[in-house]
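Asks: Below is a structure I'd like to ask you about.
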Amino acid sequence: MESNVKGKSGGRSFNWFALLLAAIFIYSGWILAGQQMTLGELGNDMEAAQDRLQSARAENQQLKDENAMLYDEAYIEKLAREELGMTRRDEMPYIYADNK
């Protein structure tokens, strides 16, 4: 007579390999999801940094242009007249009267 030895449960024995494989898949998925979220955040940070860099470059170019214009006597005279209210010799300044 052949004796069929079955587990104490009387049926199939518990499959530890399937449980381990499922745990590995779940852990891998969790790690992958975390990495994708981190990559998304880094992408957003990089876009913001690119925008700030572009703004800084535009401002830098504007300042370079203004610096170059400061060597032009006509531009200096224009600034002196408009911003400082200066006049040439023998010129009479025109002053606006505020009608409040």
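As shown in the structure tokens, the chain order sets the letters A, B, ...; within each chain, residues go from 1, and ligands are also counted from 1 in the order they appear.
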From the DSSP assignment of the backbone, select every residue of range 4-99 of chain A that is helix (DSSP H, G or I), and format the answer as an NGL selection string.
Replies: :A and (16-69 or 73-84)
Asks: Expressed in Å to a single decimal, how great is the separation between CA of Tyr94 in chain A and CA of Lys78 in chain A?
Replies: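 Spanning CA of Tyr94 in chain A to CA of Lys78 in chain A is a straight-line distance of 15.3 Å.
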Asks: Expressed in Å to a single decimal, how great is the separation between CA of Gly43 in chain A and CA of Asn60 in chain A?
Replies: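 Computed distance, CA of Gly43 in chain A to CA of Asn60 in chain A, equals 25.4 Å.
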Asks: Smallest atom-to-atom distance to Leu79 in chain A: which of A:Glu91, A:Glu66, A:Ala97, A:Ala18, using only C-alpha atoms?
Replies: A:Glu66
Asks: Just the number, please: distance in Å from CA of Ile76 in chain A to CA of Arg88 in chain A, one decimal.
Replies: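 Rounded to one decimal, the two atoms are 12.8 Å apart.
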